[in-house]
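Asks: I have a structure I would like to understand better, so I am pasting it below and will then ask my questions one at a time.
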Amino acid sequence: MFKWKDDFSCNIEEIDKQHQRLFEIGRNLYTLVTSKDDLDHYDEIMAIMKELEDYTIYHFDYEEKLMEKYDYDQLEEHKKQHVMFVERIKELQTEDIDLKQDKVVMDALMFVADWIEKHILKIDHKYKDMLNEKGVY
């Protein structure tokens with residue numbers, strides 16, 4: 001789970017590097033989900049959730065500026081998707097993480113996996129050819 005494959009590539013080096021970071025965060029969540037140690041992982045969960053939020057804000061800003069620079073015609077719809085993602089991450093952080101650690105981590109894990117499948121593979125790949133045609137790699 002969360003292994004980078006060429007199918008995920010947008011053929012834009014910086015975007016791919018940033019997407020690979022999301023895979024790393026997903027792997028960290030997966031490690032927590034599969035640990036059967038019955039330890040309190042509150043601090044780790046909070047750190048991962050904060051990292052996920054910071055990552056998405058940075059990545060989305062970078063991606064949106066790139067799309068804006070090259071007049072991507074679906075920019076507004078893409079921005080809406082980004083806002084929904086950040087809102088979901090913030091929503092997860094409002095849950096009682098201390099008491100619902102397993103649930104929160106599993107929800108975050110499933111959300112990130114779904115985001116990779118539906119957003120990166122489908123939505124992000126829509127801008128790939130347009131940006132590549134304009135010399136963006």
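Identifiers in the structure tokens: chain A, B, ... in order shown; residue index from 1 per chain; ligand index from 1 in order shown.
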Looking only at alpha helix (DSSP H) from DSSP on the backbone, list the matching residues of stretch 58-113 of chain A as a PDB file with N, CA and C atoms, in the first residue's frame.

Replies:
```
ATOM      1  N   TYR A  58       0.721  23.566   1.246  1.00  0.00           N
ATOM      2  CA  TYR A  58       1.893  23.895   0.419  1.00  0.00           C
ATOM      3  C   TYR A  58       1.725  23.359  -1.002  1.00  0.00           C
ATOM      4  N   HIS A  59       1.385  22.076  -1.109  1.00  0.00           N
ATOM      5  CA  HIS A  59       1.277  21.442  -2.427  1.00  0.00           C
ATOM      6  C   HIS A  59       0.178  22.081  -3.270  1.00  0.00           C
ATOM      7  N   PHE A  60      -0.977  22.309  -2.669  1.00  0.00           N
ATOM      8  CA  PHE A  60      -2.082  22.875  -3.434  1.00  0.00           C
ATOM      9  C   PHE A  60      -1.747  24.283  -3.912  1.00  0.00           C
ATOM     10  N   ASP A  61      -1.096  25.068  -3.086  1.00  0.00           N
ATOM     11  CA  ASP A  61      -0.686  26.408  -3.482  1.00  0.00           C
ATOM     12  C   ASP A  61       0.265  26.336  -4.674  1.00  0.00           C
ATOM     13  N   TYR A  62       1.234  25.441  -4.603  1.00  0.00           N
ATOM     14  CA  TYR A  62       2.195  25.277  -5.701  1.00  0.00           C
ATOM     15  C   TYR A  62       1.474  24.877  -6.986  1.00  0.00           C
ATOM     16  N   GLU A  63       0.612  23.882  -6.871  1.00  0.00           N
ATOM     17  CA  GLU A  63      -0.090  23.348  -8.034  1.00  0.00           C
ATOM     18  C   GLU A  63      -1.011  24.410  -8.654  1.00  0.00           C
ATOM     19  N   GLU A  64      -1.740  25.126  -7.819  1.00  0.00           N
ATOM     20  CA  GLU A  64      -2.666  26.144  -8.317  1.00  0.00           C
ATOM     21  C   GLU A  64      -1.925  27.293  -8.993  1.00  0.00           C
ATOM     22  N   LYS A  65      -0.797  27.711  -8.442  1.00  0.00           N
ATOM     23  CA  LYS A  65      -0.016  28.782  -9.081  1.00  0.00           C
ATOM     24  C   LYS A  65       0.503  28.333 -10.442  1.00  0.00           C
ATOM     25  N   LEU A  66       0.903  27.093 -10.543  1.00  0.00           N
ATOM     26  CA  LEU A  66       1.386  26.553 -11.815  1.00  0.00           C
ATOM     27  C   LEU A  66       0.250  26.518 -12.841  1.00  0.00           C
ATOM     28  N   MET A  67      -0.911  26.049 -12.415  1.00  0.00           N
ATOM     29  CA  MET A  67      -2.061  25.993 -13.327  1.00  0.00           C
ATOM     30  C   MET A  67      -2.504  27.397 -13.736  1.00  0.00           C
ATOM     31  N   GLU A  68      -2.443  28.335 -12.796  1.00  0.00           N
ATOM     32  CA  GLU A  68      -2.815  29.719 -13.098  1.00  0.00           C
ATOM     33  C   GLU A  68      -1.842  30.336 -14.099  1.00  0.00           C
ATOM     34  N   LYS A  69      -0.572  30.087 -13.895  1.00  0.00           N
ATOM     35  CA  LYS A  69       0.467  30.632 -14.781  1.00  0.00           C
ATOM     36  C   LYS A  69       0.256  30.187 -16.226  1.00  0.00           C
ATOM     37  N   LEU A  75      -9.093  25.274 -13.644  1.00  0.00           N
ATOM     38  CA  LEU A  75      -8.480  25.692 -12.386  1.00  0.00           C
ATOM     39  C   LEU A  75      -9.501  25.865 -11.262  1.00  0.00           C
ATOM     40  N   GLU A  76     -10.606  26.510 -11.532  1.00  0.00           N
ATOM     41  CA  GLU A  76     -11.577  26.772 -10.465  1.00  0.00           C
ATOM     42  C   GLU A  76     -12.145  25.481  -9.890  1.00  0.00           C
ATOM     43  N   GLU A  77     -12.464  24.538 -10.736  1.00  0.00           N
ATOM     44  CA  GLU A  77     -12.968  23.243 -10.252  1.00  0.00           C
ATOM     45  C   GLU A  77     -11.885  22.527  -9.452  1.00  0.00           C
ATOM     46  N   HIS A  78     -10.651  22.627  -9.895  1.00  0.00           N
ATOM     47  CA  HIS A  78      -9.528  22.003  -9.197  1.00  0.00           C
ATOM     48  C   HIS A  78      -9.361  22.615  -7.810  1.00  0.00           C
ATOM     49  N   LYS A  79      -9.470  23.927  -7.738  1.00  0.00           N
ATOM     50  CA  LYS A  79      -9.373  24.611  -6.446  1.00  0.00           C
ATOM     51  C   LYS A  79     -10.453  24.124  -5.483  1.00  0.00           C
ATOM     52  N   LYS A  80     -11.662  23.918  -5.989  1.00  0.00           N
ATOM     53  CA  LYS A  80     -12.748  23.422  -5.140  1.00  0.00           C
ATOM     54  C   LYS A  80     -12.395  22.065  -4.545  1.00  0.00           C
ATOM     55  N   GLN A  81     -11.797  21.210  -5.339  1.00  0.00           N
ATOM     56  CA  GLN A  81     -11.364  19.897  -4.857  1.00  0.00           C
ATOM     57  C   GLN A  81     -10.336  20.060  -3.737  1.00  0.00           C
ATOM     58  N   HIS A  82      -9.416  20.983  -3.921  1.00  0.00           N
ATOM     59  CA  HIS A  82      -8.383  21.230  -2.918  1.00  0.00           C
ATOM     60  C   HIS A  82      -8.989  21.733  -1.608  1.00  0.00           C
ATOM     61  N   VAL A  83      -9.934  22.638  -1.711  1.00  0.00           N
ATOM     62  CA  VAL A  83     -10.588  23.171  -0.508  1.00  0.00           C
ATOM     63  C   VAL A  83     -11.278  22.037   0.250  1.00  0.00           C
ATOM     64  N   MET A  84     -11.956  21.156  -0.473  1.00  0.00           N
ATOM     65  CA  MET A  84     -12.640  20.027   0.162  1.00  0.00           C
ATOM     66  C   MET A  84     -11.645  19.122   0.886  1.00  0.00           C
ATOM     67  N   PHE A  85     -10.477  18.919   0.296  1.00  0.00           N
ATOM     68  CA  PHE A  85      -9.464  18.075   0.911  1.00  0.00           C
ATOM     69  C   PHE A  85      -8.982  18.688   2.214  1.00  0.00           C
ATOM     70  N   VAL A  86      -8.623  19.952   2.192  1.00  0.00           N
ATOM     71  CA  VAL A  86      -8.125  20.628   3.395  1.00  0.00           C
ATOM     72  C   VAL A  86      -9.213  20.648   4.474  1.00  0.00           C
ATOM     73  N   GLU A  87     -10.453  20.899   4.089  1.00  0.00           N
ATOM     74  CA  GLU A  87     -11.547  20.899   5.065  1.00  0.00           C
ATOM     75  C   GLU A  87     -11.708  19.525   5.716  1.00  0.00           C
ATOM     76  N   ARG A  88     -11.562  18.466   4.931  1.00  0.00           N
ATOM     77  CA  ARG A  88     -11.686  17.114   5.486  1.00  0.00           C
ATOM     78  C   ARG A  88     -10.564  16.826   6.474  1.00  0.00           C
ATOM     79  N   ILE A  89      -9.358  17.256   6.165  1.00  0.00           N
ATOM     80  CA  ILE A  89      -8.227  17.063   7.083  1.00  0.00           C
ATOM     81  C   ILE A  89      -8.492  17.819   8.382  1.00  0.00           C
ATOM     82  N   LYS A  90      -8.962  19.038   8.278  1.00  0.00           N
ATOM     83  CA  LYS A  90      -9.274  19.825   9.481  1.00  0.00           C
ATOM     84  C   LYS A  90     -10.403  19.185  10.270  1.00  0.00           C
ATOM     85  N   GLU A  91     -11.384  18.647   9.566  1.00  0.00           N
ATOM     86  CA  GLU A  91     -12.499  17.965  10.225  1.00  0.00           C
ATOM     87  C   GLU A  91     -12.001  16.748  11.015  1.00  0.00           C
ATOM     88  N   LEU A  92     -11.110  15.991  10.436  1.00  0.00           N
ATOM     89  CA  LEU A  92     -10.544  14.834  11.140  1.00  0.00           C
ATOM     90  C   LEU A  92      -9.824  15.268  12.413  1.00  0.00           C
ATOM     91  N   GLN A  93      -9.190  16.427  12.365  1.00  0.00           N
ATOM     92  CA  GLN A  93      -8.444  16.920  13.521  1.00  0.00           C
ATOM     93  C   GLN A  93      -9.362  17.387  14.643  1.00  0.00           C
ATOM     94  N   THR A  94     -10.637  17.618  14.348  1.00  0.00           N
ATOM     95  CA  THR A  94     -11.558  18.062  15.392  1.00  0.00           C
ATOM     96  C   THR A  94     -12.168  16.894  16.160  1.00  0.00           C
ATOM     97  N   GLN A 101      -8.383   6.984  18.556  1.00  0.00           N
ATOM     98  CA  GLN A 101      -7.168   6.936  17.758  1.00  0.00           C
ATOM     99  C   GLN A 101      -7.287   6.012  16.545  1.00  0.00           C
ATOM    100  N   ASP A 102      -7.748   4.809  16.761  1.00  0.00           N
ATOM    101  CA  ASP A 102      -7.845   3.848  15.658  1.00  0.00           C
ATOM    102  C   ASP A 102      -8.788   4.351  14.570  1.00  0.00           C
ATOM    103  N   LYS A 103      -9.916   4.887  14.971  1.00  0.00           N
ATOM    104  CA  LYS A 103     -10.902   5.372  14.008  1.00  0.00           C
ATOM    105  C   LYS A 103     -10.351   6.549  13.207  1.00  0.00           C
ATOM    106  N   VAL A 104      -9.747   7.504  13.861  1.00  0.00           N
ATOM    107  CA  VAL A 104      -9.224   8.692  13.185  1.00  0.00           C
ATOM    108  C   VAL A 104      -8.123   8.305  12.204  1.00  0.00           C
ATOM    109  N   VAL A 105      -7.216   7.443  12.638  1.00  0.00           N
ATOM    110  CA  VAL A 105      -6.125   7.030  11.751  1.00  0.00           C
ATOM    111  C   VAL A 105      -6.686   6.260  10.554  1.00  0.00           C
ATOM    112  N   MET A 106      -7.631   5.375  10.787  1.00  0.00           N
ATOM    113  CA  MET A 106      -8.232   4.618   9.691  1.00  0.00           C
ATOM    114  C   MET A 106      -8.987   5.540   8.737  1.00  0.00           C
ATOM    115  N   ASP A 107      -9.733   6.503   9.273  1.00  0.00           N
ATOM    116  CA  ASP A 107     -10.440   7.467   8.425  1.00  0.00           C
ATOM    117  C   ASP A 107      -9.456   8.279   7.584  1.00  0.00           C
ATOM    118  N   ALA A 108      -8.372   8.729   8.200  1.00  0.00           N
ATOM    119  CA  ALA A 108      -7.364   9.503   7.474  1.00  0.00           C
ATOM    120  C   ALA A 108      -6.692   8.640   6.415  1.00  0.00           C
ATOM    121  N   LEU A 109      -6.386   7.420   6.768  1.00  0.00           N
ATOM    122  CA  LEU A 109      -5.748   6.495   5.821  1.00  0.00           C
ATOM    123  C   LEU A 109      -6.641   6.265   4.607  1.00  0.00           C
ATOM    124  N   MET A 110      -7.911   5.979   4.844  1.00  0.00           N
ATOM    125  CA  MET A 110      -8.832   5.722   3.742  1.00  0.00           C
ATOM    126  C   MET A 110      -9.043   6.984   2.895  1.00  0.00           C
ATOM    127  N   PHE A 111      -9.064   8.132   3.555  1.00  0.00           N
ATOM    128  CA  PHE A 111      -9.234   9.381   2.829  1.00  0.00           C
ATOM    129  C   PHE A 111      -8.034   9.652   1.919  1.00  0.00           C
ATOM    130  N   VAL A 112      -6.821   9.452   2.435  1.00  0.00           N
ATOM    131  CA  VAL A 112      -5.620   9.673   1.630  1.00  0.00           C
ATOM    132  C   VAL A 112      -5.568   8.682   0.467  1.00  0.00           C
ATOM    133  N   ALA A 113      -5.878   7.422   0.721  1.00  0.00           N
ATOM    134  CA  ALA A 113      -5.874   6.409  -0.346  1.00  0.00           C
ATOM    135  C   ALA A 113      -6.892   6.768  -1.429  1.00  0.00           C
TER     136      ALA A 113
END
```

Asks: With only C-alpha atoms as the counted atoms, please give the residues lying no more than 9 Å from stretch 72-74 of chain A, apart from itself and same-chain residues fewer than 6 positions off, as an mmCIF file with N, CA and C atoms, in the first residue's frame.

Replies:
```
data_model
loop_
_atom_site.group_PDB
_atom_site.id
_atom_site.type_symbol
_atom_site.label_atom_id
_atom_site.label_comp_id
_atom_site.auth_asym_id
_atom_site.auth_seq_id
_atom_site.Cartn_x
_atom_site.Cartn_y
_atom_site.Cartn_z
ATOM 1 N N LEU A 66 0.903 27.093 -10.543
ATOM 2 C CA LEU A 66 1.386 26.553 -11.815
ATOM 3 C C LEU A 66 0.250 26.518 -12.841
ATOM 4 N N LYS A 126 -5.530 15.366 -15.627
ATOM 5 C CA LYS A 126 -6.170 16.193 -16.653
ATOM 6 C C LYS A 126 -5.272 17.356 -17.069
ATOM 7 N N TYR A 127 -4.472 17.889 -16.158
ATOM 8 C CA TYR A 127 -3.607 19.013 -16.515
ATOM 9 C C TYR A 127 -2.252 18.557 -17.043
ATOM 10 N N MET A 130 -1.607 19.191 -20.922
ATOM 11 C CA MET A 130 -1.581 20.618 -21.211
ATOM 12 C C MET A 130 -0.288 21.261 -20.734
ATOM 13 N N LEU A 131 0.123 20.951 -19.523
ATOM 14 C CA LEU A 131 1.361 21.536 -18.999
ATOM 15 C C LEU A 131 2.580 20.979 -19.730
#
```

Asks: Calculated over only C-alpha atoms, which of the candidates A:Ile116, A:Leu32, A:Ile123, A:Leu52 has the smallest distance to A:Phe2?

Replies: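 Looking at the shortest contact to A:Phe2, the residue is A:Ile116.
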
Asks: Let me make sure I understand: among A:Tyr70, A:Glu14, A:Ile97, A:Ile120, which one has the smallest atom-to-atom distance to A:Glu133 if we use only C-alpha atoms?

Replies: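 For A:Glu133, the nearest of the given residues is A:Tyr70.
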
Asks: So how far away is atom CA of A:Asp96 from atom CA of A:Lys50, in Å?

Replies: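 Taking atom CA of A:Lys50 as the start and atom CA of A:Asp96 as the end point, the length is 15.0 Å.
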
Asks: Let me make sure I understand: among A:Lys3, A:Lys118, A:His125, A:Lys134, which one has the smallest atom-to-atom distance to A:Glu24 if we use only C-alpha atoms?

Replies: A:Lys3
